[in-house]
file coords-v6.csv (CSV, C-alpha atoms and all ligand atoms)
chain,number,residue,atom,x,y,z
A,138,MET,CA,-13.1,-16.3,1.5
A,139,LEU,CA,-10.5,-13.7,0.6
A,140,VAL,CA,-7.0,-15.0,0.0
A,141,LEU,CA,-4.2,-12.5,0.2
A,142,PRO,CA,-1.0,-13.0,-1.8
A,143,LYS,CA,1.8,-14.9,-0.1
A,144,GLY,CA,3.8,-12.7,2.2
A,145,ILE,CA,1.0,-10.3,3.1
A,146,ARG,CA,-0.8,-10.6,6.4
A,147,HIS,CA,-3.7,-8.4,7.5
A,148,ILE,CA,-4.5,-8.2,11.3
A,149,PRO,CA,-7.9,-6.5,11.7
A,150,GLY,CA,-8.2,-4.4,14.9
A,151,TYR,CA,-4.6,-4.9,16.1
A,152,LEU,CA,-4.6,-1.6,17.9
A,153,ASP,CA,-7.5,-1.0,20.3
A,154,ARG,CA,-9.0,2.5,20.5
A,155,GLU,CA,-6.8,3.5,23.5
A,156,ARG,CA,-3.7,2.5,21.6
A,157,GLN,CA,-4.9,4.2,18.4
A,158,GLU,CA,-5.4,7.5,20.5
A,159,ALA,CA,-1.8,7.1,21.9
A,160,VAL,CA,-0.3,6.6,18.4
A,161,LEU,CA,-2.3,9.5,17.1
A,162,ALA,CA,-1.1,11.8,19.8
A,163,GLU,CA,2.5,11.0,18.9
A,164,ILE,CA,1.8,11.5,15.2
A,165,ARG,CA,0.3,14.9,15.9
A,166,ALA,CA,3.5,15.9,17.7
A,167,VAL,CA,5.5,14.6,14.6
A,168,VAL,CA,3.4,16.7,12.3
A,169,ALA,CA,3.8,19.8,14.5
A,170,GLU,CA,7.6,19.5,14.1
A,171,ALA,CA,7.7,18.2,10.5
A,172,PRO,CA,4.7,19.6,8.6
A,173,LEU,CA,2.8,17.6,6.0
A,174,PHE,CA,4.2,18.3,2.5
A,175,VAL,CA,2.7,17.8,-0.9
A,176,PRO,CA,4.7,15.1,-2.7
A,177,THR,CA,5.0,15.6,-6.5
A,178,MET,CA,5.7,13.1,-9.3
A,179,PRO,CA,9.2,12.7,-10.7
A,180,LYS,CA,9.6,14.6,-14.1
A,181,THR,CA,6.0,15.9,-14.4
A,182,GLY,CA,5.8,17.6,-11.0
A,183,LYS,CA,2.1,16.5,-10.8
A,184,PRO,CA,1.0,16.7,-7.1
A,185,MET,CA,-0.2,13.5,-5.4
A,186,SER,CA,-3.5,13.8,-3.5
A,187,VAL,CA,-1.9,12.3,-0.3
A,188,ARG,CA,0.0,14.6,2.1
A,189,MET,CA,3.1,13.2,3.8
A,190,THR,CA,5.7,13.6,6.5
A,191,ASN,CA,8.1,11.1,8.2
A,192,CYS,CA,9.7,10.3,11.5
A,193,GLY,CA,12.9,8.2,12.2
A,194,PRO,CA,16.4,8.6,10.8
A,195,LEU,CA,15.2,8.5,7.2
A,196,GLY,CA,12.1,9.8,5.4
A,197,TRP,CA,10.6,9.1,2.0
A,198,VAL,CA,10.2,12.2,-0.2
A,199,THR,CA,9.6,12.9,-3.9
A,200,ASP,CA,9.7,16.0,-6.1
A,201,LYS,CA,9.8,16.9,-9.8
A,202,GLU,CA,13.5,17.4,-9.9
A,203,ARG,CA,15.0,14.6,-7.8
A,204,GLY,CA,12.2,12.0,-7.8
A,205,TYR,CA,11.6,9.3,-5.2
A,206,ARG,CA,14.2,8.9,-2.5
A,207,TYR,CA,15.0,8.6,1.2
A,208,GLN,CA,16.7,11.5,2.9
A,209,PRO,CA,17.5,12.4,6.5
A,210,THR,CA,15.9,15.9,6.4
A,211,HIS,CA,12.5,17.5,5.8
A,212,PRO,CA,12.3,18.9,2.2
A,213,ALA,CA,10.8,22.2,3.4
A,214,THR,CA,12.3,22.9,6.8
A,215,GLY,CA,15.7,21.2,6.2
A,216,LYS,CA,15.6,19.8,9.7
A,217,PRO,CA,16.2,16.2,10.6
A,218,TRP,CA,13.0,14.1,10.9
A,219,PRO,CA,11.6,13.8,14.4
A,220,ALA,CA,12.6,10.7,16.3
A,221,MET,CA,10.6,7.5,15.9
A,222,PRO,CA,8.1,7.5,18.8
A,223,GLY,CA,8.7,4.6,21.3
A,224,ILE,CA,5.2,3.3,20.8
A,225,LEU,CA,5.9,2.7,17.1
A,226,MET,CA,9.2,0.9,18.0
A,227,ASP,CA,7.2,-1.3,20.4
A,228,ILE,CA,4.6,-2.2,17.7
A,229,TRP,CA,7.5,-2.9,15.2
A,230,SER,CA,9.0,-5.4,17.7
A,231,GLU,CA,5.7,-7.0,18.4
A,232,LEU,CA,4.8,-7.6,14.8
A,233,SER,CA,7.8,-7.5,12.4
A,234,GLY,CA,9.8,-10.5,13.7
A,235,TYR,CA,12.8,-8.4,12.6
A,236,ALA,CA,15.7,-7.8,15.0
A,237,GLN,CA,16.8,-4.4,13.8
A,238,GLU,CA,14.9,-1.2,14.4
A,239,PRO,CA,12.9,0.5,11.7
A,240,GLU,CA,14.8,3.3,9.9
A,241,ALA,CA,11.8,5.2,8.4
A,242,CYS,CA,8.2,5.8,9.2
A,243,LEU,CA,6.2,7.4,6.4
A,244,VAL,CA,3.1,9.2,7.6
A,245,ASN,CA,0.5,9.4,4.8
A,246,TYR,CA,-2.5,11.6,5.3
A,247,TYR,CA,-5.5,11.0,3.0
A,248,THR,CA,-8.4,13.4,2.9
A,249,ASP,CA,-11.7,11.6,2.1
A,250,GLU,CA,-11.1,12.5,-1.6
A,251,ALA,CA,-7.5,11.2,-1.8
A,252,LYS,CA,-6.2,8.0,-3.2
A,253,MET,CA,-3.0,6.3,-4.2
A,254,GLY,CA,-2.5,4.6,-7.6
A,255,LEU,CA,-1.3,1.0,-8.0
A,256,HIS,CA,2.5,1.0,-7.5
A,257,GLN,CA,5.5,-1.0,-6.3
A,258,ASP,CA,7.7,0.2,-3.4
A,259,ARG,CA,11.3,-0.1,-4.7
A,260,ASP,CA,13.2,2.8,-3.3
A,261,GLU,CA,14.7,0.7,-0.5
A,262,LYS,CA,18.1,-1.0,-0.7
A,263,ASP,CA,16.9,-4.0,1.2
A,264,PHE,CA,13.8,-5.9,0.1
A,265,SER,CA,14.3,-8.7,2.6
A,266,ALA,CA,13.1,-6.7,5.6
A,267,PRO,CA,9.4,-6.6,6.3
A,268,VAL,CA,7.2,-3.5,6.0
A,269,LEU,CA,4.6,-2.7,8.7
A,270,SER,CA,1.6,-0.6,8.0
A,271,LEU,CA,-0.9,0.8,10.5
A,272,SER,CA,-4.2,2.4,9.6
A,273,LEU,CA,-5.9,5.2,11.6
A,274,GLY,CA,-9.2,7.0,11.0
A,275,ASN,CA,-11.6,6.4,8.1
A,276,ALA,CA,-11.6,3.1,6.4
A,277,CYS,CA,-10.1,2.6,2.9
A,278,LEU,CA,-10.5,0.2,0.0
A,279,PHE,CA,-7.0,-1.3,-0.3
A,280,ARG,CA,-5.9,-3.3,-3.4
A,281,VAL,CA,-3.0,-5.7,-3.7
A,282,GLY,CA,-1.8,-7.6,-6.8
A,283,GLY,CA,1.3,-9.5,-7.8
A,284,LYS,CA,4.8,-8.6,-8.9
A,285,ASN,CA,3.6,-7.6,-12.4
A,286,ARG,CA,1.3,-4.7,-13.0
A,287,ASN,CA,-1.1,-6.9,-14.9
A,288,ASP,CA,-1.4,-9.6,-12.3
A,289,ARG,CA,-4.8,-10.3,-10.7
A,290,THR,CA,-5.6,-8.0,-7.7
A,291,VAL,CA,-7.6,-8.5,-4.5
A,292,SER,CA,-9.4,-5.7,-2.7
A,293,PHE,CA,-10.2,-5.4,1.0
A,294,ARG,CA,-11.0,-2.8,3.6
A,295,LEU,CA,-8.5,-1.4,6.0
A,296,GLU,CA,-10.1,0.0,9.1
A,297,SER,CA,-8.7,2.1,12.0
A,298,GLY,CA,-6.4,0.0,14.1
A,299,ASP,CA,-5.7,-2.6,11.4
A,300,ALA,CA,-2.1,-3.7,10.8
A,301,VAL,CA,-0.6,-5.1,7.6
A,302,ILE,CA,2.7,-6.9,7.6
A,303,ILE,CA,4.4,-7.3,4.2
A,304,GLY,CA,7.0,-10.0,4.5
A,305,GLY,CA,10.0,-10.5,2.2
A,306,GLU,CA,7.9,-12.5,-0.4
A,307,GLY,CA,5.2,-9.8,-0.7
A,308,ARG,CA,7.6,-6.9,-0.8
A,309,LEU,CA,7.5,-6.2,-4.5
A,310,ASN,CA,3.8,-6.7,-5.0
A,311,PHE,CA,1.8,-3.9,-6.6
A,312,HIS,CA,-0.6,-2.2,-4.2
A,313,GLY,CA,-2.7,1.0,-3.9
A,314,VAL,CA,-5.6,2.8,-2.1
A,315,ASP,CA,-8.7,3.1,-4.4
A,316,ARG,CA,-10.9,5.1,-2.0
A,317,ILE,CA,-11.5,6.4,1.5
A,318,TYR,CA,-14.9,5.7,3.1
A,319,PRO,CA,-16.1,8.9,4.7
A,320,ASP,CA,-17.6,8.8,8.3
A,321,THR,CA,-16.4,5.3,9.0
A,322,SER,CA,-14.3,6.2,12.1
A,323,GLY,CA,-14.6,8.7,15.0
A,324,LEU,CA,-10.9,8.8,15.6
A,325,LEU,CA,-10.0,11.8,13.4
A,326,ARG,CA,-12.3,14.8,14.1
A,327,ASN,CA,-12.0,16.2,10.6
A,328,GLY,CA,-12.2,12.9,8.8
A,329,GLY,CA,-9.7,11.4,6.4
A,330,ARG,CA,-7.2,8.6,7.0
A,331,ILE,CA,-3.7,8.3,8.3
A,332,ASN,CA,-1.4,5.4,7.2
A,333,LEU,CA,1.9,4.8,8.9
A,334,THR,CA,4.4,2.7,7.0
A,335,MET,CA,7.5,1.5,8.9
A,336,ARG,CA,10.5,0.2,7.1
A,337,ARG,CA,14.2,-0.7,6.9
A,338,VAL,CA,15.8,1.2,4.1
A,339,ASN,CA,19.5,0.3,4.0
A,340,SER,CA,19.3,-3.3,5.4
B,401,LIG,C1,1.9,-4.3,-0.1
B,401,LIG,N1,0.9,3.3,1.4
B,401,LIG,O1,3.2,4.6,1.2
B,401,LIG,S1,0.5,0.8,3.3
B,401,LIG,C2,3.1,3.7,0.4
B,401,LIG,O2,-2.2,2.9,2.8
B,401,LIG,C3,1.8,2.9,0.4
B,401,LIG,O3,-0.9,4.6,2.6
B,401,LIG,C4,-0.4,2.6,1.4
B,401,LIG,O4,1.6,2.1,-0.4
B,401,LIG,C5,-1.3,3.4,2.4
B,401,LIG,O5,3.9,3.3,-0.4
B,401,LIG,C6,-0.3,1.2,1.8
B,401,LIG,C7,0.6,-1.0,3.2
B,401,LIG,C8,1.6,-1.5,2.2
B,401,LIG,C9,2.9,-1.0,2.2
B,401,LIG,C10,3.8,-1.6,1.3
B,401,LIG,C11,3.5,-2.7,0.6
B,401,LIG,C12,1.3,-2.6,1.5
B,401,LIG,C13,2.2,-3.2,0.6
B,401,LIG,C14,4.5,-3.3,-0.2
B,401,LIG,C15,4.1,-4.4,-1.0
B,401,LIG,C16,2.9,-4.9,-0.9
B,402,FE,FE,3.4,1.6,-1.4
call {"tool": "encode", "arguments": {"input": "coords-v6.csv", "output": "structure tokens"}}
result
Amino acid sequence: MLVLPKGIRHIPGYLDRERQEAVLAEIRAVVAEAPLFVPTMPKTGKPMSVRMTNCGPLGWVTDKERGYRYQPTHPATGKPWPAMPGILMDIWSELSGYAQEPEACLVNYYTDEAKMGLHQDRDEKDFSAPVLSLSLGNACLFRVGGKNRNDRTVSFRLESGDAVIIGGEGRLNFHGVDRIYPDTSGLLRNGGRINLTMRRVNS
């Protein structure tokens, strides 16, 4: 039996197909207004393989010059991020157990070749609020460890419709996406995977 670290809860199949389609339609509208951008690593400028955009008052961005940060505008268009869709607000209230609304929703798009290295999320001011993740499209192999890079990790699949809730205690655990499994979902016509990560940023 797979045991996840304390503070990390996986809910397989939380969104049924109809609700996945409804969320996807909203995300397509977000991407139309706030195009996917190529995030680059601080200092080196090396591009990540994931493409990103955001909705809500704040969005996570990174580039060579200014590094990881949250900001209220899109890095290419300079426009404010699109509003957080109501359906995402609803899912946040159903699952987060947190009274305040999410401030940021990061949209990560993975082609079937993309991955995300093991990392910690520490660009938020408030680590006590939960983080809520929703997966759409092809499955991935997700990995989560402890608070130190060298801690033991556990790996499991995230499928379309799955939710992961990271509570206060799991907030600083290392995590990453090792691979995408092609042709494991019919949700996205051109394959790949979308992950939505909803957060509080400034407490
Ligand atoms: C576990 N995204 O954008 S979401 C990220 O699937 C990120 O796109 C991954 O890691 C993705 O930063 C994972 C699930 C997640 C988010 C935050 C966590 C898991 C986490 C923070 C601590 C531990
Ligand atoms: Fe992360």
call {"tool": "residues_near_point", "arguments": {"input": "coords-v6.csv", "point": "(-10.4, -1.4, -0.6)", "cutoff": "9 Å", "atoms": "all atoms listed in the file", "output": "list in words"}}
result
Ala276, Cys277, Leu278, Phe279, Arg280, Val291, Ser292, Phe293, Arg294, Leu295, Gly313, Val314, Asp315, Arg316 and Ile317 of chain A
call {"tool": "closest_residue", "arguments": {"input": "coords-v6.csv", "among": "A:Ile145, A:Val168, A:Met178, A:Ile224", "to": "ligand LIG 401 (chain B)", "atoms": "all atoms listed in the file"}}
result
A:Ile145
call {"tool": "residues_around", "arguments": {"input": "coords-v6.csv", "residues": "segment 263-275 of chain A", "least_positions_apart": "4", "cutoff": "6 Å", "atoms": "only C-alpha atoms", "output": "list in words"}}
result
Ser297, Gly298, Asp299, Ala300, Val301, Ile302, Ile303, Gly304, Gly305, Thr321, Ser322, Leu324, Leu325, Gly329, Arg330, Ile331, Asn332, Leu333, Thr334, Met335, Arg336, Asn339 and Ser340 of chain A
call {"tool": "write_last_selection", "arguments": {"input": "coords-v6.csv", "atoms": "C-alpha atoms", "output": "PDB file, in the coordinates of the input"}}
result
ATOM      1  CA  SER A 297      -8.700   2.100  12.000  1.00  0.00           C
ATOM      2  CA  GLY A 298      -6.400   0.000  14.100  1.00  0.00           C
ATOM      3  CA  ASP A 299      -5.700  -2.600  11.400  1.00  0.00           C
ATOM      4  CA  ALA A 300      -2.100  -3.700  10.800  1.00  0.00           C
ATOM      5  CA  VAL A 301      -0.600  -5.100   7.600  1.00  0.00           C
ATOM      6  CA  ILE A 302       2.700  -6.900   7.600  1.00  0.00           C
ATOM      7  CA  ILE A 303       4.400  -7.300   4.200  1.00  0.00           C
ATOM      8  CA  GLY A 304       7.000 -10.000   4.500  1.00  0.00           C
ATOM      9  CA  GLY A 305      10.000 -10.500   2.200  1.00  0.00           C
ATOM     10  CA  THR A 321     -16.400   5.300   9.000  1.00  0.00           C
ATOM     11  CA  SER A 322     -14.300   6.200  12.100  1.00  0.00           C
ATOM     12  CA  LEU A 324     -10.900   8.800  15.600  1.00  0.00           C
ATOM     13  CA  LEU A 325     -10.000  11.800  13.400  1.00  0.00           C
ATOM     14  CA  GLY A 329      -9.700  11.400   6.400  1.00  0.00           C
ATOM     15  CA  ARG A 330      -7.200   8.600   7.000  1.00  0.00           C
ATOM     16  CA  ILE A 331      -3.700   8.300   8.300  1.00  0.00           C
ATOM     17  CA  ASN A 332      -1.400   5.400   7.200  1.00  0.00           C
ATOM     18  CA  LEU A 333       1.900   4.800   8.900  1.00  0.00           C
ATOM     19  CA  THR A 334       4.400   2.700   7.000  1.00  0.00           C
ATOM     20  CA  MET A 335       7.500   1.500   8.900  1.00  0.00           C
ATOM     21  CA  ARG A 336      10.500   0.200   7.100  1.00  0.00           C
ATOM     22  CA  ASN A 339      19.500   0.300   4.000  1.00  0.00           C
ATOM     23  CA  SER A 340      19.300  -3.300   5.400  1.00  0.00           C
TER      24      SER A 340
END
call {"tool": "residues_around", "arguments": {"input": "coords-v6.csv", "residues": "segment 200-208 of chain A", "least_positions_apart": "6", "cutoff": "9 Å", "atoms": "only C-alpha atoms", "output": "list of chain:residue names"}}
result
A:Val175, A:Pro176, A:Thr177, A:Met178, A:Pro179, A:Lys180, A:Thr181, A:Gly182, A:Lys183, A:Pro184, A:Pro194, A:Ala241, A:Asp260, A:Glu261, A:Val338
call {"tool": "closest_residue", "arguments": {"input": "coords-v6.csv", "among": "A:Arg326, A:Lys252, A:Arg165, A:Arg289", "to": "Pro222 of chain A", "atoms": "all atoms listed in the file"}}
result
A:Arg165
call {"tool": "closest_atom_pairs", "arguments": {"input": "coords-v6.csv", "of": "chain A", "to": "ligand FE 402 (chain B)", "cutoff": "10 Å", "atoms": "only C-alpha atoms and all ligand atoms", "output": "Markdown table"}}
result
| residue | atom | partner | partner_atom | distance |
| --- | --- | --- | --- | --- |
| A:Met253 | CA | B:FE402 | FE | 8.4 |
| A:Gly254 | CA | B:FE402 | FE | 9.1 |
| A:Leu255 | CA | B:FE402 | FE | 8.1 |
| A:His256 | CA | B:FE402 | FE | 6.2 |
| A:Gln257 | CA | B:FE402 | FE | 5.9 |
| A:Asp258 | CA | B:FE402 | FE | 4.9 |
| A:Arg259 | CA | B:FE402 | FE | 8.7 |
| A:Val268 | CA | B:FE402 | FE | 9.8 |
| A:Ser270 | CA | B:FE402 | FE | 9.8 |
| A:Val281 | CA | B:FE402 | FE | 10.0 |
| A:Arg308 | CA | B:FE402 | FE | 9.5 |
| A:Leu309 | CA | B:FE402 | FE | 9.3 |
| A:Asn310 | CA | B:FE402 | FE | 9.1 |
| A:Phe311 | CA | B:FE402 | FE | 7.7 |
| A:His312 | CA | B:FE402 | FE | 6.2 |
| A:Gly313 | CA | B:FE402 | FE | 6.6 |
| A:Val314 | CA | B:FE402 | FE | 9.1 |
| A:Thr334 | CA | B:FE402 | FE | 8.5 |
